[in-house]
$ cat entry-v2.cif   # mmCIF, C-alpha atoms and all ligand atoms; chains and numbers go by the auth columns
data_query
#
loop_
_atom_site.group_PDB
_atom_site.id
_atom_site.type_symbol
_atom_site.label_atom_id
_atom_site.label_comp_id
_atom_site.label_asym_id
_atom_site.label_seq_id
_atom_site.Cartn_x
_atom_site.Cartn_y
_atom_site.Cartn_z
_atom_site.B_iso_or_equiv
_atom_site.auth_seq_id
_atom_site.auth_asym_id
ATOM 1 C CA MET A 1 2.045 13.803 20.510 0.00 1184 F
ATOM 2 C CA VAL A 2 1.147 12.853 16.931 0.00 1185 F
ATOM 3 C CA ILE A 3 4.849 12.670 16.080 0.00 1186 F
ATOM 4 C CA GLY A 4 5.358 10.144 18.901 0.00 1187 F
ATOM 5 C CA VAL A 5 2.650 7.886 17.506 0.00 1188 F
ATOM 6 C CA HIS A 6 3.991 8.141 13.987 0.00 1189 F
ATOM 7 C CA ARG A 7 7.359 6.968 15.231 0.00 1190 F
ATOM 8 C CA ARG A 8 5.648 3.695 16.091 0.00 1191 F
ATOM 9 C CA VAL A 9 5.027 3.124 12.385 0.00 1192 F
ATOM 10 C CA ILE A 10 6.912 0.552 10.322 0.00 1193 F
ATOM 11 C CA ALA A 11 6.733 1.690 6.686 0.00 1194 F
ATOM 12 C CA ILE A 12 6.853 -1.023 4.019 0.00 1195 F
ATOM 13 C CA ASP A 13 7.041 0.348 0.474 0.00 1196 F
ATOM 14 C CA GLY A 14 7.863 -1.169 -2.895 0.00 1197 F
ATOM 15 C CA PRO A 15 6.454 -2.082 -6.297 0.00 1198 F
ATOM 16 C CA ALA A 16 3.718 -4.624 -7.035 0.00 1199 F
ATOM 17 C CA GLY A 17 4.731 -8.211 -6.386 0.00 1200 F
ATOM 18 C CA ALA A 18 7.721 -7.403 -4.165 0.00 1201 F
ATOM 19 C CA GLY A 19 6.047 -9.292 -1.305 0.00 1202 F
ATOM 20 C CA LYS A 20 4.803 -6.265 0.653 0.00 1203 F
ATOM 21 C CA SER A 21 1.404 -7.585 1.747 0.00 1204 F
ATOM 22 C CA THR A 22 2.527 -11.050 2.778 0.00 1205 F
ATOM 23 C CA ILE A 23 5.565 -9.739 4.615 0.00 1206 F
ATOM 24 C CA ALA A 24 3.820 -6.749 6.233 0.00 1207 F
ATOM 25 C CA LYS A 25 0.926 -8.912 7.478 0.00 1208 F
ATOM 26 C CA ALA A 26 3.251 -11.560 8.910 0.00 1209 F
ATOM 27 C CA LEU A 27 5.370 -8.879 10.570 0.00 1210 F
ATOM 28 C CA ALA A 28 2.337 -7.161 12.116 0.00 1211 F
ATOM 29 C CA SER A 29 1.076 -10.449 13.455 0.00 1212 F
ATOM 30 C CA ARG A 30 4.457 -11.332 14.921 0.00 1213 F
ATOM 31 C CA LEU A 31 4.920 -7.920 16.559 0.00 1214 F
ATOM 32 C CA LYS A 32 1.250 -7.760 17.617 0.00 1215 F
ATOM 33 C CA MET A 33 0.839 -4.503 15.740 0.00 1216 F
ATOM 34 C CA LYS A 34 -2.036 -3.305 13.574 0.00 1217 F
ATOM 35 C CA TYR A 35 -1.695 -3.547 9.773 0.00 1218 F
ATOM 36 C CA LEU A 36 -2.868 -1.151 7.068 0.00 1219 F
ATOM 37 C CA ASP A 37 -2.846 -1.844 3.308 0.00 1220 F
ATOM 38 C CA THR A 38 -2.924 1.637 1.741 0.00 1221 F
ATOM 39 C CA GLY A 39 -3.064 0.178 -1.789 0.00 1222 F
ATOM 40 C CA ALA A 40 -6.487 -1.234 -0.833 0.00 1223 F
ATOM 41 C CA MET A 41 -7.619 2.329 -0.066 0.00 1224 F
ATOM 42 C CA TYR A 42 -6.723 3.535 -3.586 0.00 1225 F
ATOM 43 C CA ARG A 43 -8.296 0.390 -5.034 0.00 1226 F
ATOM 44 C CA ALA A 44 -11.536 0.943 -3.074 0.00 1227 F
ATOM 45 C CA VAL A 45 -11.808 4.547 -4.284 0.00 1228 F
ATOM 46 C CA THR A 46 -11.283 3.294 -7.854 0.00 1229 F
ATOM 47 C CA PHE A 47 -13.958 0.625 -7.353 0.00 1230 F
ATOM 48 C CA GLU A 48 -16.499 3.164 -6.084 0.00 1231 F
ATOM 49 C CA ALA A 49 -15.741 5.614 -8.902 0.00 1232 F
ATOM 50 C CA MET A 50 -16.259 2.837 -11.465 0.00 1233 F
ATOM 51 C CA LEU A 51 -19.459 1.678 -9.749 0.00 1234 F
ATOM 52 C CA ARG A 52 -20.812 5.227 -10.049 0.00 1235 F
ATOM 53 C CA GLU A 53 -19.556 5.384 -13.631 0.00 1236 F
ATOM 54 C CA LEU A 54 -17.608 8.566 -12.909 0.00 1237 F
ATOM 55 C CA ASP A 55 -15.087 9.787 -15.455 0.00 1238 F
ATOM 56 C CA LEU A 56 -11.724 8.776 -13.955 0.00 1239 F
ATOM 57 C CA ASP A 57 -10.109 11.731 -15.722 0.00 1240 F
ATOM 58 C CA ASP A 58 -12.410 14.152 -13.893 0.00 1241 F
ATOM 59 C CA GLN A 59 -10.030 14.835 -11.013 0.00 1242 F
ATOM 60 C CA GLY A 60 -12.451 17.132 -9.176 0.00 1243 F
ATOM 61 C CA ALA A 61 -15.317 14.636 -9.178 0.00 1244 F
ATOM 62 C CA ILE A 62 -13.108 11.746 -8.067 0.00 1245 F
ATOM 63 C CA THR A 63 -11.542 13.869 -5.321 0.00 1246 F
ATOM 64 C CA LEU A 64 -14.954 14.896 -4.006 0.00 1247 F
ATOM 65 C CA MET A 65 -16.113 11.303 -3.997 0.00 1248 F
ATOM 66 C CA ALA A 66 -12.921 10.261 -2.142 0.00 1249 F
ATOM 67 C CA GLN A 67 -13.382 13.012 0.435 0.00 1250 F
ATOM 68 C CA GLU A 68 -16.977 12.022 1.113 0.00 1251 F
ATOM 69 C CA CYS A 69 -16.669 8.238 1.074 0.00 1252 F
ATOM 70 C CA ASP A 70 -17.124 6.084 4.125 0.00 1253 F
ATOM 71 C CA LEU A 71 -14.130 3.752 3.805 0.00 1254 F
ATOM 72 C CA HIS A 72 -13.134 0.872 6.032 0.00 1255 F
ATOM 73 C CA VAL A 73 -10.004 -1.123 5.240 0.00 1256 F
ATOM 74 C CA GLY A 74 -9.670 -3.991 7.702 0.00 1257 F
ATOM 75 C CA LEU A 75 -7.495 -7.101 7.763 0.00 1258 F
ATOM 76 C CA ASP A 76 -10.089 -9.238 5.940 0.00 1259 F
ATOM 77 C CA ARG A 77 -12.626 -6.836 4.488 0.00 1260 F
ATOM 78 C CA VAL A 78 -12.702 -3.622 2.468 0.00 1261 F
ATOM 79 C CA ILE A 79 -16.013 -1.769 2.704 0.00 1262 F
ATOM 80 C CA ILE A 80 -16.760 1.475 0.873 0.00 1263 F
ATOM 81 C CA ASN A 81 -20.077 3.285 1.311 0.00 1264 F
ATOM 82 C CA GLY A 82 -21.585 0.044 2.579 0.00 1265 F
ATOM 83 C CA HIS A 83 -20.421 -2.018 -0.432 0.00 1266 F
ATOM 84 C CA ASP A 84 -18.178 -4.993 0.286 0.00 1267 F
ATOM 85 C CA ALA A 85 -15.411 -4.409 -2.268 0.00 1268 F
ATOM 86 C CA THR A 86 -13.002 -7.034 -0.884 0.00 1269 F
ATOM 87 C CA LEU A 87 -12.935 -9.240 -3.974 0.00 1270 F
ATOM 88 C CA ALA A 88 -13.705 -6.657 -6.662 0.00 1271 F
ATOM 89 C CA ILE A 89 -10.732 -4.444 -5.763 0.00 1272 F
ATOM 90 C CA ARG A 90 -8.375 -7.298 -6.756 0.00 1273 F
ATOM 91 C CA GLY A 91 -10.030 -7.846 -10.128 0.00 1274 F
ATOM 92 C CA PRO A 92 -8.538 -6.805 -13.478 0.00 1275 F
ATOM 93 C CA GLU A 93 -10.898 -3.812 -13.979 0.00 1276 F
ATOM 94 C CA VAL A 94 -9.876 -2.058 -10.752 0.00 1277 F
ATOM 95 C CA THR A 95 -6.238 -3.147 -11.141 0.00 1278 F
ATOM 96 C CA GLY A 96 -6.162 -1.664 -14.634 0.00 1279 F
ATOM 97 C CA ASN A 97 -7.491 1.729 -13.495 0.00 1280 F
ATOM 98 C CA VAL A 98 -6.071 2.207 -10.012 0.00 1281 F
ATOM 99 C CA SER A 99 -2.831 3.902 -11.109 0.00 1282 F
ATOM 100 C CA LYS A 100 -4.817 6.705 -12.714 0.00 1283 F
ATOM 101 C CA VAL A 101 -6.847 7.306 -9.557 0.00 1284 F
ATOM 102 C CA ALA A 102 -3.714 7.046 -7.405 0.00 1285 F
ATOM 103 C CA ALA A 103 -2.077 9.784 -9.491 0.00 1286 F
ATOM 104 C CA ASN A 104 -4.871 12.219 -8.555 0.00 1287 F
ATOM 105 C CA SER A 105 -3.395 14.676 -6.012 0.00 1288 F
ATOM 106 C CA GLY A 106 -6.750 15.426 -4.422 0.00 1289 F
ATOM 107 C CA VAL A 107 -7.310 11.714 -3.769 0.00 1290 F
ATOM 108 C CA ARG A 108 -3.758 11.331 -2.425 0.00 1291 F
ATOM 109 C CA THR A 109 -4.165 14.226 0.001 0.00 1292 F
ATOM 110 C CA GLU A 110 -7.386 12.711 1.351 0.00 1293 F
ATOM 111 C CA MET A 111 -5.922 9.196 1.657 0.00 1294 F
ATOM 112 C CA ARG A 112 -2.804 10.562 3.353 0.00 1295 F
ATOM 113 C CA ILE A 113 -4.909 12.336 5.989 0.00 1296 F
ATOM 114 C CA ARG A 114 -6.878 9.141 6.610 0.00 1297 F
ATOM 115 C CA GLN A 115 -3.680 7.072 6.874 0.00 1298 F
ATOM 116 C CA GLN A 116 -2.217 9.493 9.425 0.00 1299 F
ATOM 117 C CA GLU A 117 -5.463 9.485 11.410 0.00 1300 F
ATOM 118 C CA TRP A 118 -5.477 5.678 11.302 0.00 1301 F
ATOM 119 C CA ALA A 119 -1.963 5.576 12.782 0.00 1302 F
ATOM 120 C CA THR A 120 -2.888 8.066 15.477 0.00 1303 F
ATOM 121 C CA SER A 121 -5.986 6.145 16.512 0.00 1304 F
ATOM 122 C CA HIS A 122 -4.229 2.747 16.469 0.00 1305 F
ATOM 123 C CA GLY A 123 -1.008 3.853 18.169 0.00 1306 F
ATOM 124 C CA GLY A 124 1.072 3.165 15.052 0.00 1307 F
ATOM 125 C CA GLY A 125 1.255 -0.032 13.031 0.00 1308 F
ATOM 126 C CA VAL A 126 2.773 -1.764 10.031 0.00 1309 F
ATOM 127 C CA ILE A 127 1.726 0.264 6.978 0.00 1310 F
ATOM 128 C CA GLU A 128 2.400 -0.763 3.394 0.00 1311 F
ATOM 129 C CA GLY A 129 2.224 1.292 0.220 0.00 1312 F
ATOM 130 C CA ARG A 130 4.355 3.320 -2.161 0.00 1313 F
ATOM 131 C CA ASP A 131 4.925 6.647 -0.387 0.00 1314 F
ATOM 132 C CA ILE A 132 4.657 5.658 3.263 0.00 1315 F
ATOM 133 C CA ALA A 133 8.327 6.330 4.127 0.00 1316 F
ATOM 134 C CA THR A 134 8.828 9.267 1.779 0.00 1317 F
ATOM 135 C CA VAL A 135 5.667 11.296 2.348 0.00 1318 F
ATOM 136 C CA VAL A 136 3.060 9.930 4.749 0.00 1319 F
ATOM 137 C CA PHE A 137 5.277 8.964 7.709 0.00 1320 F
ATOM 138 C CA PRO A 138 8.703 10.533 7.151 0.00 1321 F
ATOM 139 C CA ASP A 139 9.454 9.993 10.862 0.00 1322 F
ATOM 140 C CA ALA A 140 8.574 6.272 10.894 0.00 1323 F
ATOM 141 C CA VAL A 141 10.806 4.308 13.258 0.00 1324 F
ATOM 142 C CA LEU A 142 11.688 1.837 10.503 0.00 1325 F
ATOM 143 C CA LYS A 143 11.440 2.212 6.730 0.00 1326 F
ATOM 144 C CA VAL A 144 11.762 -0.804 4.468 0.00 1327 F
ATOM 145 C CA PHE A 145 11.728 -0.781 0.670 0.00 1328 F
ATOM 146 C CA LEU A 146 11.071 -4.252 -0.760 0.00 1329 F
ATOM 147 C CA THR A 147 12.108 -5.129 -4.301 0.00 1330 F
ATOM 148 C CA ALA A 148 12.227 -8.278 -6.435 0.00 1331 F
ATOM 149 C CA SER A 149 13.191 -9.015 -10.007 0.00 1332 F
ATOM 150 C CA PRO A 150 10.430 -8.382 -12.615 0.00 1333 F
ATOM 151 C CA GLU A 151 10.300 -12.123 -13.427 0.00 1334 F
ATOM 152 C CA VAL A 152 9.782 -13.142 -9.809 0.00 1335 F
ATOM 153 C CA ARG A 153 7.151 -10.455 -9.297 0.00 1336 F
ATOM 154 C CA ALA A 154 5.157 -11.568 -12.327 0.00 1337 F
ATOM 155 C CA LEU A 155 5.358 -15.230 -11.296 0.00 1338 F
ATOM 156 C CA ARG A 156 4.113 -14.399 -7.794 0.00 1339 F
ATOM 157 C CA ARG A 157 1.078 -12.581 -9.215 0.00 1340 F
ATOM 158 C CA VAL A 158 0.289 -15.530 -11.485 0.00 1341 F
ATOM 159 C CA ASP A 159 0.554 -17.890 -8.495 0.00 1342 F
ATOM 160 C CA GLN A 160 -1.863 -15.678 -6.536 0.00 1343 F
ATOM 161 C CA SER A 161 -4.431 -14.877 -9.178 0.00 1344 F
ATOM 162 C CA GLY A 162 -3.662 -16.911 -12.307 0.00 1345 F
ATOM 163 C CA GLY A 163 -3.165 -15.472 -15.789 0.00 1346 F
ATOM 164 C CA ASN A 164 -0.464 -15.342 -18.402 0.00 1347 F
ATOM 165 C CA VAL A 165 3.057 -14.515 -17.156 0.00 1348 F
ATOM 166 C CA THR A 166 3.994 -12.352 -20.149 0.00 1349 F
ATOM 167 C CA GLU A 167 0.780 -10.333 -19.938 0.00 1350 F
ATOM 168 C CA ILE A 168 1.024 -9.931 -16.164 0.00 1351 F
ATOM 169 C CA ALA A 169 4.678 -8.853 -16.444 0.00 1352 F
ATOM 170 C CA ALA A 170 3.700 -6.196 -19.007 0.00 1353 F
ATOM 171 C CA ALA A 171 0.815 -4.957 -16.826 0.00 1354 F
ATOM 172 C CA ILE A 172 3.100 -4.746 -13.768 0.00 1355 F
ATOM 173 C CA ALA A 173 5.733 -2.846 -15.760 0.00 1356 F
ATOM 174 C CA GLN A 174 3.075 -0.373 -16.948 0.00 1357 F
ATOM 175 C CA ARG A 175 1.735 0.155 -13.410 0.00 1358 F
ATOM 176 C CA ASP A 176 5.287 0.624 -12.025 0.00 1359 F
ATOM 177 C CA LEU A 177 5.962 3.217 -14.689 0.00 1360 F
ATOM 178 C CA THR A 178 2.777 5.168 -13.906 0.00 1361 F
ATOM 179 C CA ASP A 179 3.357 4.907 -10.140 0.00 1362 F
ATOM 180 C CA SER A 180 7.007 5.944 -10.266 0.00 1363 F
ATOM 181 C CA THR A 181 6.701 8.801 -12.758 0.00 1364 F
ATOM 182 C CA ARG A 182 3.609 10.555 -11.389 0.00 1365 F
ATOM 183 C CA ALA A 183 4.128 14.098 -10.082 0.00 1366 F
ATOM 184 C CA ASP A 184 2.642 13.569 -6.610 0.00 1367 F
ATOM 185 C CA SER A 185 4.519 11.248 -4.215 0.00 1368 F
ATOM 186 C CA PRO A 186 5.842 8.754 -6.781 0.00 1369 F
ATOM 187 C CA LEU A 187 6.972 5.263 -5.880 0.00 1370 F
ATOM 188 C CA ALA A 188 10.542 5.684 -4.632 0.00 1371 F
ATOM 189 C CA SER A 189 12.723 4.444 -1.827 0.00 1372 F
ATOM 190 C CA SER A 190 13.534 6.940 0.891 0.00 1373 F
ATOM 191 C CA SER A 191 17.243 7.681 1.441 0.00 1374 F
ATOM 192 C CA ASP A 192 16.886 6.258 4.955 0.00 1375 F
ATOM 193 C CA SER A 193 15.008 3.104 3.910 0.00 1376 F
ATOM 194 C CA VAL A 194 16.513 -0.351 4.246 0.00 1377 F
ATOM 195 C CA VAL A 195 16.280 -1.938 0.786 0.00 1378 F
ATOM 196 C CA ILE A 196 15.612 -5.686 0.783 0.00 1379 F
ATOM 197 C CA ASP A 197 15.542 -7.781 -2.386 0.00 1380 F
ATOM 198 C CA THR A 198 13.047 -10.593 -1.749 0.00 1381 F
ATOM 199 C CA SER A 199 13.617 -12.441 -5.069 0.00 1382 F
ATOM 200 C CA ASP A 200 15.413 -15.472 -3.671 0.00 1383 F
ATOM 201 C CA ARG A 201 14.354 -15.320 -0.059 0.00 1384 F
ATOM 202 C CA ALA A 202 11.746 -17.086 2.020 0.00 1385 F
ATOM 203 C CA ILE A 203 9.036 -14.912 3.591 0.00 1386 F
ATOM 204 C CA GLU A 204 9.983 -15.950 7.123 0.00 1387 F
ATOM 205 C CA ASP A 205 13.595 -15.026 6.491 0.00 1388 F
ATOM 206 C CA VAL A 206 12.666 -11.493 5.391 0.00 1389 F
ATOM 207 C CA VAL A 207 10.236 -11.095 8.301 0.00 1390 F
ATOM 208 C CA ASP A 208 13.033 -12.189 10.681 0.00 1391 F
ATOM 209 C CA GLU A 209 15.344 -9.543 9.241 0.00 1392 F
ATOM 210 C CA ILE A 210 12.786 -6.735 9.561 0.00 1393 F
ATOM 211 C CA GLU A 211 11.826 -7.827 13.082 0.00 1394 F
ATOM 212 C CA LYS A 212 15.492 -7.714 14.087 0.00 1395 F
ATOM 213 C CA LEU A 213 15.889 -4.217 12.623 0.00 1396 F
ATOM 214 C CA PHE A 214 12.788 -3.072 14.496 0.00 1397 F
ATOM 215 C CA MET A 215 14.001 -4.524 17.819 0.00 1398 F
ATOM 216 C CA GLU A 216 17.311 -2.722 17.396 0.00 1399 F
ATOM 217 C CA ARG A 217 15.560 0.628 16.851 0.00 1400 F
ATOM 218 C CA ASN A 218 12.610 0.275 19.176 0.00 1401 F
ATOM 219 C CA ILE A 219 14.600 0.821 22.359 0.00 1402 F
HETATM 220 O O1 LIG B . -0.219 -2.213 -3.555 0.00 1501 I
HETATM 221 P P1 LIG B . -1.345 -2.255 -4.580 0.00 1501 I
HETATM 222 O O2 LIG B . -0.982 -2.948 -5.844 0.00 1501 I
HETATM 223 O O3 LIG B . -2.623 -2.785 -4.006 0.00 1501 I
HETATM 224 O O4 LIG B . -1.588 -0.716 -4.940 0.00 1501 I
HETATM 225 C C1 LIG B . -2.605 -0.347 -5.824 0.00 1501 I
HETATM 226 C C2 LIG B . -2.247 0.944 -6.523 0.00 1501 I
HETATM 227 O O5 LIG B . -2.261 2.045 -5.620 0.00 1501 I
HETATM 228 C C3 LIG B . -0.894 0.959 -7.228 0.00 1501 I
HETATM 229 O O6 LIG B . -1.069 1.414 -8.557 0.00 1501 I
HETATM 230 C C4 LIG B . -0.076 1.963 -6.467 0.00 1501 I
HETATM 231 C C5 LIG B . -1.072 2.785 -5.714 0.00 1501 I
HETATM 232 N N1 LIG B . -0.627 3.130 -4.375 0.00 1501 I
HETATM 233 C C6 LIG B . -0.128 4.384 -4.187 0.00 1501 I
HETATM 234 O O7 LIG B . -0.021 5.155 -5.133 0.00 1501 I
HETATM 235 N N2 LIG B . 0.251 4.776 -2.944 0.00 1501 I
HETATM 236 C C7 LIG B . 0.153 3.939 -1.910 0.00 1501 I
HETATM 237 N N3 LIG B . 0.533 4.340 -0.688 0.00 1501 I
HETATM 238 C C8 LIG B . -0.336 2.627 -2.103 0.00 1501 I
HETATM 239 C C9 LIG B . -0.708 2.243 -3.368 0.00 1501 I
#
$ encode --input "entry-v2.cif" --output "structure tokens" --more "lines below"
Ligand code: DC
Amino acid sequence: MVIGVHRRVIAIDGPAGAGKSTIAKALASRLKMKYLDTGAMYRAVTFEAMLRELDLDDQGAITLMAQECDLHVGLDRVIINGHDATLAIRGPEVTGNVSKVAANSGVRTEMRIRQQEWATSHGGGVIEGRDIATVVFPDAVLKVFLTASPEVRALRRVDQSGGNVTEIAAAIAQRDLTDSTRADSPLASSSDSVVIDTSDRAIEDVVDEIEKLFMERNI
């Protein structure tokens, strides 16, 4: 039964700035499906660990905190242990530390369980992250890996949150490296993912393409 629900998952993976959130949200809205941002889950755990001034290198302590936290990631709000972390999780402090927390296997196991439970309770959905197709939902009905050139990705981040393009590009490159070289479920495209380069494409155009792929498979 769980497998059936997980087949109603559209997995959207890719590096920072590839357009995942914008595209996944628009797709979910168009298909009237639920949407889950799994990056926000790792960010919220990082936020809470920093708030409690835990040592981010203490894998056991961070894992325990992740296992015990009350975490709600909705479309507009991210709440952890009663704290509204919606804005703080996008700030430079959390962004600078999240890769370390996301490399913690204990945290990943806990987040993976929560993501699978979320899909079961919502009857599937559009789920974005780094390991959604490869590890969390290997039987997803549709797997999409979004990419974009490093220049375009850095420019998009500057448009969203401001900052210096060169510095943002360097920070993105560092985060990509950490995310794609970690031992546990690194950022990678699945062999059965459809790879879409969003560099020179309009959002609506990419959403159209994914919707078409989904309609073809969702018989
Ligand atoms: O998508 P994002 O930038 O909000 O992700 C934040 C961090 O979490 C990023 O360093 C990659 C990591 N992440 C992950 O390891 N696995 C996921 N499924 C989603 C995000």
$ axis_aligned_box --input "entry-v2.cif" --around "stretch 1331-1350 of chain F" --padding-each-side "8 Å" --output "AutoDock Vina command-line options"
--center_x 4.4 --center_y -13.1 --center_z -13.3 --size_x 33.6 --size_y 25.6 --size_z 29.7
$ closest_residue --input "entry-v2.cif" --among "F:Arg1190, F:Arg1339, F:Arg1384, F:Arg1365" --to "ligand LIG 1501 (chain I)" --atoms "all atoms listed in the file"
F:Arg1365
$ residues_near_ligand --input "entry-v2.cif" --ligand "ligand LIG 1501 (chain I)" --cutoff "7 Å" --atoms "all atoms listed in the file" --output "VMD selection string"
chain F and resid 1199 1221 to 1223 1225 to 1226 1281 to 1282 1285 to 1286 1311 to 1315 1358 1362
$ write_last_selection --input "entry-v2.cif" --atoms "C-alpha atoms" --output "PDB file, in the frame of the given file"
ATOM      1  CA  ALA F1199       3.718  -4.624  -7.035  1.00  0.00           C
ATOM      2  CA  THR F1221      -2.924   1.637   1.741  1.00  0.00           C
ATOM      3  CA  GLY F1222      -3.064   0.178  -1.789  1.00  0.00           C
ATOM      4  CA  ALA F1223      -6.487  -1.234  -0.833  1.00  0.00           C
ATOM      5  CA  TYR F1225      -6.723   3.535  -3.586  1.00  0.00           C
ATOM      6  CA  ARG F1226      -8.296   0.390  -5.034  1.00  0.00           C
ATOM      7  CA  VAL F1281      -6.071   2.207 -10.012  1.00  0.00           C
ATOM      8  CA  SER F1282      -2.831   3.902 -11.109  1.00  0.00           C
ATOM      9  CA  ALA F1285      -3.714   7.046  -7.405  1.00  0.00           C
ATOM     10  CA  ALA F1286      -2.077   9.784  -9.491  1.00  0.00           C
ATOM     11  CA  GLU F1311       2.400  -0.763   3.394  1.00  0.00           C
ATOM     12  CA  GLY F1312       2.224   1.292   0.220  1.00  0.00           C
ATOM     13  CA  ARG F1313       4.355   3.320  -2.161  1.00  0.00           C
ATOM     14  CA  ASP F1314       4.925   6.647  -0.387  1.00  0.00           C
ATOM     15  CA  ILE F1315       4.657   5.658   3.263  1.00  0.00           C
ATOM     16  CA  ARG F1358       1.735   0.155 -13.410  1.00  0.00           C
ATOM     17  CA  ASP F1362       3.357   4.907 -10.140  1.00  0.00           C
TER      18      ASP F1362
END
$ resolve_selection --input "entry-v2.cif" --expression "the PyMOL selection byres (((chain F and resi 1293-1307) around 6) and not hetatm)" --output "PyMOL selection string"
chain F and resi 1188-1189+1191-1192+1290-1292+1308
$ resolve_selection --input "entry-v2.cif" --expression "the PyMOL selection byres (((chain F and resi 1386) around 10) and not hetatm)" --output "PDB file with C-alpha atoms, keeping the file's coordinate frame"
ATOM      1  CA  GLY F1202       6.047  -9.292  -1.305  1.00  0.00           C
ATOM      2  CA  THR F1205       2.527 -11.050   2.778  1.00  0.00           C
ATOM      3  CA  ILE F1206       5.565  -9.739   4.615  1.00  0.00           C
ATOM      4  CA  ALA F1209       3.251 -11.560   8.910  1.00  0.00           C
ATOM      5  CA  LEU F1210       5.370  -8.879  10.570  1.00  0.00           C
ATOM      6  CA  THR F1381      13.047 -10.593  -1.749  1.00  0.00           C
ATOM      7  CA  ASP F1383      15.413 -15.472  -3.671  1.00  0.00           C
ATOM      8  CA  ARG F1384      14.354 -15.320  -0.059  1.00  0.00           C
ATOM      9  CA  ALA F1385      11.746 -17.086   2.020  1.00  0.00           C
ATOM     10  CA  GLU F1387       9.983 -15.950   7.123  1.00  0.00           C
ATOM     11  CA  ASP F1388      13.595 -15.026   6.491  1.00  0.00           C
ATOM     12  CA  VAL F1389      12.666 -11.493   5.391  1.00  0.00           C
ATOM     13  CA  VAL F1390      10.236 -11.095   8.301  1.00  0.00           C
ATOM     14  CA  ASP F1391      13.033 -12.189  10.681  1.00  0.00           C
TER      15      ASP F1391
END
$ residues_around --input "entry-v2.cif" --residues "F:Leu1239" --least-positions-apart "2" --cutoff "12 Å" --atoms "only C-alpha atoms" --output "PyMOL selection string"
chain F and resi 1228-1237+1241-1246+1248-1249+1277+1279-1287+1290
$ closest_residue --input "entry-v2.cif" --among "F:Asp1220, F:Asp1238, F:Asp1359, F:Asp1342" --to "F:Ala1207" --atoms "all atoms listed in the file"
F:Asp1220
$ atom_distance --input "entry-v2.cif" --atom1 "atom CA of F:Ile1351" --atom2 "atom CA of F:Leu1338"
8.4 Å
$ residues_around --input "entry-v2.cif" --residues "stretch 1320-1336 of chain F" --least-positions-apart "3" --cutoff "8 Å" --atoms "only C-alpha atoms" --output "ChimeraX atom specification"
/F:1186,1189-1203,1299,1315-1317,1339-1340,1352,1356,1372-1373,1375-1382,1393,1396-1397,1400-1401
$ closest_residue --input "entry-v2.cif" --among "F:Pro1275, F:Gln1357, F:Leu1214, F:Gly1257" --to "F:Gly1345" --atoms "all atoms listed in the file"
F:Pro1275
$ residues_around --input "entry-v2.cif" --residues "F:Tyr1218" --least-positions-apart "3" --cutoff "8 Å" --atoms "only C-alpha atoms" --output "PyMOL selection string"
chain F and resi 1207-1208+1211+1258+1308-1310
$ closest_residue --input "entry-v2.cif" --among "F:Leu1247, F:Val1256, F:Val1318, F:Ala1227" --to "F:Glu1276" --atoms "all atoms listed in the file"
F:Ala1227
$ closest_residue --input "entry-v2.cif" --among "F:Ser1363, F:Ser1374, F:Arg1213, F:Leu1254" --to "F:Lys1395" --atoms "all atoms listed in the file"
F:Arg1213
$ atom_distance --input "entry-v2.cif" --atom1 "atom CA of F:Arg1260" --atom2 "atom CA of F:Val1341"
22.3 Å
$ atom_distance --input "entry-v2.cif" --atom1 "atom CA of F:Leu1219" --atom2 "atom CA of F:Val1261"
11.1 Å
$ closest_residue --input "entry-v2.cif" --among "F:Glu1399, F:Glu1394, F:Glu1350, F:Asp1367" --to "F:Ser1212" --atoms "only C-alpha atoms"
F:Glu1394
